[in-house]
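Colleague: Pasting my_file34.txt here (compact mmCIF, C-alpha atoms and all ligand atoms):
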# COMPACT_ATOMS: atom_id res chain seq x y z
CA MET Y 1 0.00 0.00 0.00
CA ASN Y 2 1.27 3.46 -0.96
CA PHE Y 3 0.18 6.94 0.13
CA VAL Y 4 -0.38 9.39 -2.72
CA LEU Y 5 -0.55 13.15 -2.21
CA CYS Y 6 -2.45 15.27 -4.71
CA GLY Y 7 -3.46 18.92 -4.87
CA MET Y 8 -2.59 22.24 -6.37
CA MET Y 9 0.91 23.54 -6.96
CA GLY Y 10 1.93 25.16 -3.69
CA SER Y 11 -0.30 23.00 -1.50
CA GLY Y 12 2.76 21.41 0.15
CA LYS Y 13 2.81 18.01 -1.52
CA THR Y 14 6.59 17.80 -1.58
CA ARG Y 15 7.40 19.03 1.92
CA LEU Y 16 4.53 17.16 3.52
CA GLY Y 17 5.22 14.03 1.50
CA LYS Y 18 8.78 13.92 2.76
CA ARG Y 19 7.69 14.39 6.36
CA ILE Y 20 4.90 11.82 6.15
CA ALA Y 21 7.42 9.35 4.75
CA GLU Y 22 9.82 10.01 7.64
CA LEU Y 23 7.10 9.67 10.24
CA SER Y 24 5.83 6.41 8.76
CA PHE Y 25 9.24 4.91 7.84
CA ARG Y 26 8.31 4.81 4.17
CA ASN Y 27 10.29 5.70 1.10
CA TRP Y 28 9.35 8.89 -0.68
CA LEU Y 29 9.23 9.81 -4.37
CA ASP Y 30 8.04 12.88 -6.23
CA THR Y 31 6.70 12.24 -9.74
CA ASP Y 32 8.26 15.48 -10.99
CA ASP Y 33 11.69 14.41 -9.69
CA VAL Y 34 11.42 11.08 -11.51
CA ILE Y 35 10.60 12.92 -14.74
CA VAL Y 36 13.37 15.50 -14.25
CA GLU Y 37 15.92 12.77 -13.66
CA LYS Y 38 15.01 11.03 -16.91
CA TYR Y 39 14.10 13.89 -19.22
CA GLY Y 40 15.47 17.14 -17.77
CA LYS Y 41 13.87 20.24 -16.31
CA ILE Y 42 10.06 20.47 -16.36
CA SER Y 43 10.16 23.98 -17.82
CA GLU Y 44 12.34 22.77 -20.70
CA ILE Y 45 10.15 19.74 -21.35
CA PHE Y 46 7.12 22.05 -21.65
CA GLU Y 47 9.03 24.48 -23.84
CA LYS Y 48 10.58 21.96 -26.22
CA PHE Y 49 7.96 19.22 -26.40
CA GLY Y 50 4.76 20.70 -25.00
CA GLU Y 51 2.39 19.85 -22.18
CA THR Y 52 0.92 16.76 -23.86
CA TYR Y 53 4.37 15.17 -23.97
CA PHE Y 54 4.90 16.00 -20.29
CA ARG Y 55 1.54 14.40 -19.44
CA GLU Y 56 2.60 11.22 -21.29
CA LYS Y 57 5.75 11.13 -19.19
CA GLU Y 58 3.62 11.48 -16.06
CA THR Y 59 1.58 8.44 -17.05
CA GLU Y 60 4.74 6.44 -17.80
CA THR Y 61 5.99 7.40 -14.35
CA VAL Y 62 2.74 6.35 -12.67
CA LYS Y 63 2.94 2.97 -14.41
CA ILE Y 64 6.32 2.39 -12.80
CA LEU Y 65 5.48 3.81 -9.38
CA CYS Y 66 2.28 1.84 -8.93
CA ARG Y 67 4.29 -1.37 -8.97
CA LEU Y 68 6.09 -0.24 -5.82
CA ASP Y 69 4.85 -0.77 -2.30
CA GLY Y 70 5.33 1.08 1.00
CA TYR Y 71 5.98 4.49 -0.55
CA VAL Y 72 4.71 8.02 -0.21
CA PHE Y 73 4.29 9.67 -3.61
CA SER Y 74 4.03 13.41 -4.09
CA THR Y 75 2.40 14.02 -7.47
CA GLY Y 76 2.55 16.97 -9.85
CA GLY Y 77 -0.52 19.21 -9.54
CA GLY Y 78 -2.01 18.07 -12.86
CA LEU Y 79 -1.33 14.37 -12.58
CA VAL Y 80 -4.61 13.17 -11.10
CA LEU Y 81 -6.61 15.04 -13.73
CA LYS Y 82 -6.07 12.07 -16.02
CA ASP Y 83 -8.40 9.17 -15.20
CA GLU Y 84 -5.87 6.57 -16.26
CA ASN Y 85 -3.35 7.87 -13.71
CA VAL Y 86 -5.93 7.77 -10.94
CA ARG Y 87 -7.02 4.26 -11.85
CA LEU Y 88 -3.42 3.05 -11.73
CA LEU Y 89 -2.63 4.85 -8.47
CA LYS Y 90 -5.72 3.45 -6.82
CA THR Y 91 -4.59 -0.11 -7.55
CA SER Y 92 -1.60 0.51 -5.30
CA GLY Y 93 -2.56 3.09 -2.73
CA LYS Y 94 -4.77 5.68 -1.08
CA ILE Y 95 -5.01 9.27 -2.25
CA LEU Y 96 -4.90 12.29 0.04
CA TYR Y 97 -5.95 15.69 -1.29
CA LEU Y 98 -4.09 18.57 0.32
CA ARG Y 99 -6.76 21.24 0.12
CA ALA Y 100 -5.42 24.78 0.29
CA LYS Y 101 -7.24 28.09 0.05
CA LYS Y 102 -6.53 30.49 -2.77
CA GLU Y 103 -4.82 32.92 -0.35
CA THR Y 104 -2.42 30.23 0.86
CA LEU Y 105 -1.54 29.25 -2.70
CA LEU Y 106 -1.10 32.86 -3.72
CA SER Y 107 1.37 33.60 -0.97
CA ARG Y 108 3.32 30.41 -1.57
CA LEU Y 109 3.48 30.75 -5.34
CA SER Y 110 4.12 34.45 -5.71
CA GLY Y 111 7.42 35.03 -7.47
CA ASP Y 112 7.54 31.49 -8.89
CA THR Y 113 9.48 31.46 -12.13
CA LYS Y 114 9.89 27.72 -12.58
CA ARG Y 115 6.42 26.35 -13.05
CA PRO Y 116 5.38 26.62 -16.71
CA LEU Y 117 1.66 26.84 -15.96
CA LEU Y 118 2.21 29.93 -13.82
CA GLN Y 119 4.04 31.91 -16.48
CA GLY Y 120 2.35 34.11 -19.08
CA ARG Y 121 0.06 37.10 -19.18
CA GLU Y 122 -2.69 36.41 -16.65
CA SER Y 123 -2.04 37.51 -13.08
CA LEU Y 124 -1.12 34.81 -10.58
CA GLU Y 125 -4.49 35.28 -8.90
CA GLU Y 126 -6.36 34.75 -12.16
CA LYS Y 127 -4.34 31.62 -12.89
CA ILE Y 128 -4.92 30.16 -9.46
CA ASP Y 129 -8.62 30.99 -9.65
CA ARG Y 130 -8.95 29.28 -13.00
CA LEU Y 131 -6.95 26.20 -12.04
CA LEU Y 132 -8.77 25.84 -8.71
CA LYS Y 133 -12.13 26.01 -10.42
CA GLU Y 134 -11.13 23.31 -12.91
CA ARG Y 135 -9.25 21.11 -10.53
CA ALA Y 136 -10.73 21.30 -7.04
CA PRO Y 137 -13.76 19.16 -8.00
CA VAL Y 138 -11.44 16.55 -9.51
CA TYR Y 139 -9.16 16.47 -6.46
CA GLU Y 140 -12.24 16.06 -4.25
CA ARG Y 141 -13.61 13.26 -6.39
CA VAL Y 142 -10.45 11.18 -6.65
CA ALA Y 143 -9.33 11.55 -3.04
CA ASP Y 144 -9.90 8.89 -0.40
CA VAL Y 145 -9.22 11.51 2.27
CA VAL Y 146 -8.94 15.31 2.37
CA LEU Y 147 -6.79 17.51 4.60
CA ASP Y 148 -7.24 21.29 4.92
CA VAL Y 149 -3.69 22.55 5.15
CA ASP Y 150 -4.14 26.30 5.66
CA GLY Y 151 -2.56 27.97 8.66
CA LYS Y 152 -0.93 24.87 10.09
CA SER Y 153 2.71 23.83 10.36
CA VAL Y 154 4.22 21.08 8.23
CA GLU Y 155 4.55 18.98 11.36
CA GLU Y 156 0.88 19.35 12.33
CA ASN Y 157 -0.26 18.64 8.79
CA ALA Y 158 2.05 15.65 8.37
CA LYS Y 159 0.79 14.03 11.58
CA ARG Y 160 -2.86 14.61 10.71
CA ALA Y 161 -2.28 13.41 7.14
CA LEU Y 162 -0.78 10.22 8.42
CA GLU Y 163 -3.72 9.61 10.76
CA LEU Y 164 -6.15 10.12 7.88
CA LEU Y 165 -4.22 7.83 5.54
CA GLN Y 166 -3.79 5.13 8.14
CA GLY Y 167 -7.52 5.32 8.77
CA VAL Y 168 -8.30 4.30 5.18
CA GLU Y 169 -5.29 2.04 4.67
CA LYS Y 170 -7.01 -1.28 5.12
C1 LIG Y 201 1.86 21.10 -12.67
C2 LIG Y 201 2.43 21.07 -11.41
C3 LIG Y 201 3.87 20.90 -11.20
C4 LIG Y 201 4.51 20.16 -12.37
C5 LIG Y 201 4.17 20.84 -13.66
C6 LIG Y 201 2.66 20.89 -13.91
C7 LIG Y 201 0.39 21.26 -12.77
O1 LIG Y 201 4.09 20.17 -9.99
O2 LIG Y 201 4.10 18.82 -12.40
O3 LIG Y 201 4.71 22.13 -13.63
O4 LIG Y 201 -0.18 20.95 -13.83
O5 LIG Y 201 -0.22 21.71 -11.77
P1 LIG Y 201 3.82 20.77 -8.50
O6 LIG Y 201 2.36 20.62 -8.22
O7 LIG Y 201 4.66 19.90 -7.63
O8 LIG Y 201 4.26 22.18 -8.52
What is this structure when it is put down as structure tokens?

Modeller:
Amino acid sequence: MNFVLCGMMGSGKTRLGKRIAELSFRNWLDTDDVIVEKYGKISEIFEKFGETYFREKETETVKILCRLDGYVFSTGGGLVLKDENVRLLKTSGKILYLRAKKETLLSRLSGDTKRPLLQGRESLEEKIDRLLKERAPVYERVADVVLDVDGKSVEENAKRALELLQGVEK
């Protein structure tokens, strides 16, 4: 059984994932890291080959990861939008949605220059609004458990996340 963290960019999937893994003596992997190691920087993948290509690499990564056991996976913010990825992940684990308010995301993502989906004309607030509207219902639907992360420390969130995941583990 694996634990899978999903949610918006800036919701804390990476930091919390690492801490949950430490607390539960699991290994930890981030889908973006796996892709970067094989194919190079995310921003360059988007630039040279486009988003569709990146999404194919995400699915290839999920196919490999879902054969593992005893891991915590932090996923890229768009990964669970594809049904196939969710189906595969659910064969091997439980999904936790890290739900964050727009204000939290805004403060964490302001000044980001690395994430391709945050670049471009629209203001950061408009982008977050649009992505949240599209994605929040999907995150809610695919998740086995949901944690509201706003205003709490990584430690508090990691402990609560672990309780929630262990509660649906069986
Ligand atoms: C994306 C989120 C990023 C990364 C890519 C696309 C998205 O990961 O996978 O830039 O579609 O939301 P993080 O959520 O870890 O920032």

Colleague: Counting all atoms listed in the file, what is within 12 Å of Y:Asp129, bar same-chain residues fewer than 5 positions away, as a list in words?

Modeller: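 Selected residues are Met8, Lys101, Lys102, Glu103, Leu105, Leu106, Leu118, Glu122, Ser123, Leu124, Glu134, Arg135 and Ala136 of chain Y.
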
Colleague: Go through Y:Leu79, Y:Leu98, Y:Leu16, Y:Cys66 one by one, measure the shortest atom-to-atom distance of each to ligand LIG 201 (chain Y) using only C-alpha atoms and all ligand atoms, and give the residue with the smallest value.

Modeller: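 Using only C-alpha atoms and all ligand atoms, the shortest distance to ligand LIG 201 (chain Y) belongs to Y:Leu79.
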
Colleague: Can you tell me how far atom CA of Y:Gly10 sits from atom CA of Y:Glu58, in Å to one decimal?

Modeller: 18.5 Å

Colleague: Using all atoms of ligand LIG 201 (chain Y) listed in the file and a margin of 8 Å per side, can you give the axis-aligned box centre and edge lengths in Å to one decimal, as AutoDock Vina command-line options?

Modeller:
--center_x 2.2 --center_y 20.5 --center_z -10.8 --size_x 20.9 --size_y 19.4 --size_z 22.3

Colleague: Would you kindly return, as a ChimeraX atom specification, each protein, DNA or RNA residue with an atom no farther than 9 Å from any atom of Y:Arg99, considering only C-alpha atoms and excluding same-chain residues fewer than 3 positions away?

Modeller: /Y:6-8,11,136,139-140,146-150

Colleague: Using Å and a single decimal, report how far atom CA of Y:Leu88 sits from atom CA of Y:Lys41.

Modeller: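 These atoms are spaced 24.8 Å apart.
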
Colleague: Each residue of chain Y lying at most 7 Å from ligand LIG 201 (chain Y) should get a row with its shortest atom-to-atom pair and the distance in Å to one decimal, counting only C-alpha atoms and all ligand atoms; could you produce that, ordered by chain and increasing number, as a tab-separated table?

Modeller:
residue	atom	partner	partner_atom	distance
Y:Gly7	CA	Y:LIG201	O6	6.9
Y:Met8	CA	Y:LIG201	O6	5.5
Y:Met9	CA	Y:LIG201	O6	3.5
Y:Gly10	CA	Y:LIG201	O8	6.1
Y:Lys13	CA	Y:LIG201	O7	6.7
Y:Thr14	CA	Y:LIG201	O7	6.7
Y:Asp32	CA	Y:LIG201	O2	5.5
Y:Ile42	CA	Y:LIG201	O3	6.2
Y:Thr75	CA	Y:LIG201	O7	6.3
Y:Gly76	CA	Y:LIG201	O2	3.5
Y:Gly77	CA	Y:LIG201	O5	3.4
Y:Gly78	CA	Y:LIG201	O4	3.5
Y:Leu79	CA	Y:LIG201	O4	6.8
Y:Arg115	CA	Y:LIG201	O3	4.6
Y:Pro116	CA	Y:LIG201	O3	5.5
Y:Leu117	CA	Y:LIG201	O3	6.1

Colleague: Distance atom CA of Y:Trp28-atom CA of Y:Gln119, one decimal place?

Modeller: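 So the two atoms, atom CA of Y:Trp28 and atom CA of Y:Gln119, lie 28.4 Å apart.
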
Colleague: Kindly provide, as a list in words, the polymer residues lying within 6 Å of (-2.2, 8.8, -8.6), counting only C-alpha atoms and using the coordinates exactly as they appear in the file.

Modeller: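 Collected hits near the coordinates: Val80, Asn85, Val86 and Leu89 of chain Y.
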
Colleague: Env of Y:Leu5: 8 Å cut, atoms = only C-alpha atoms, seq-sep filter 6 positions within chain, self excluded. Answer as JSON, numbers by chain.

Modeller: {"Y": [13, 17, 72, 73, 74, 75, 95, 96, 97, 98]}

Colleague: For C-alpha atoms, I'd like the residues from the last selection saved as a short mmCIF file (atom, residue, chain, number, x, y, z; two decimals), in the frame of the given file.

Modeller:
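The result, stored in part_23.cif:
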data_model
loop_
_atom_site.label_atom_id
_atom_site.label_comp_id
_atom_site.auth_asym_id
_atom_site.auth_seq_id
_atom_site.Cartn_x
_atom_site.Cartn_y
_atom_site.Cartn_z
CA LYS Y 13 2.81 18.01 -1.52
CA GLY Y 17 5.22 14.03 1.50
CA VAL Y 72 4.71 8.02 -0.21
CA PHE Y 73 4.29 9.67 -3.61
CA SER Y 74 4.03 13.41 -4.09
CA THR Y 75 2.40 14.02 -7.47
CA ILE Y 95 -5.01 9.27 -2.25
CA LEU Y 96 -4.90 12.29 0.04
CA TYR Y 97 -5.95 15.69 -1.29
CA LEU Y 98 -4.09 18.57 0.32
#

Colleague: Using all atoms listed in the file, which residue out of Y:Arg26, Y:Arg141, Y:Lys82, Y:Lys90 lies closest to Y:Arg67?

Modeller: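 Going through Y:Arg26, Y:Arg141, Y:Lys82, Y:Lys90 one by one, the smallest distance to Y:Arg67 is for Y:Lys90.
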
Colleague: If you count all atoms listed in the file, which residues fall within 8 Å of stretch 33-40 of chain Y, apart from same-chain ones fewer than 4 positions away, as a ChimeraX atom specification?

Modeller: /Y:29,44-45,57-58,61
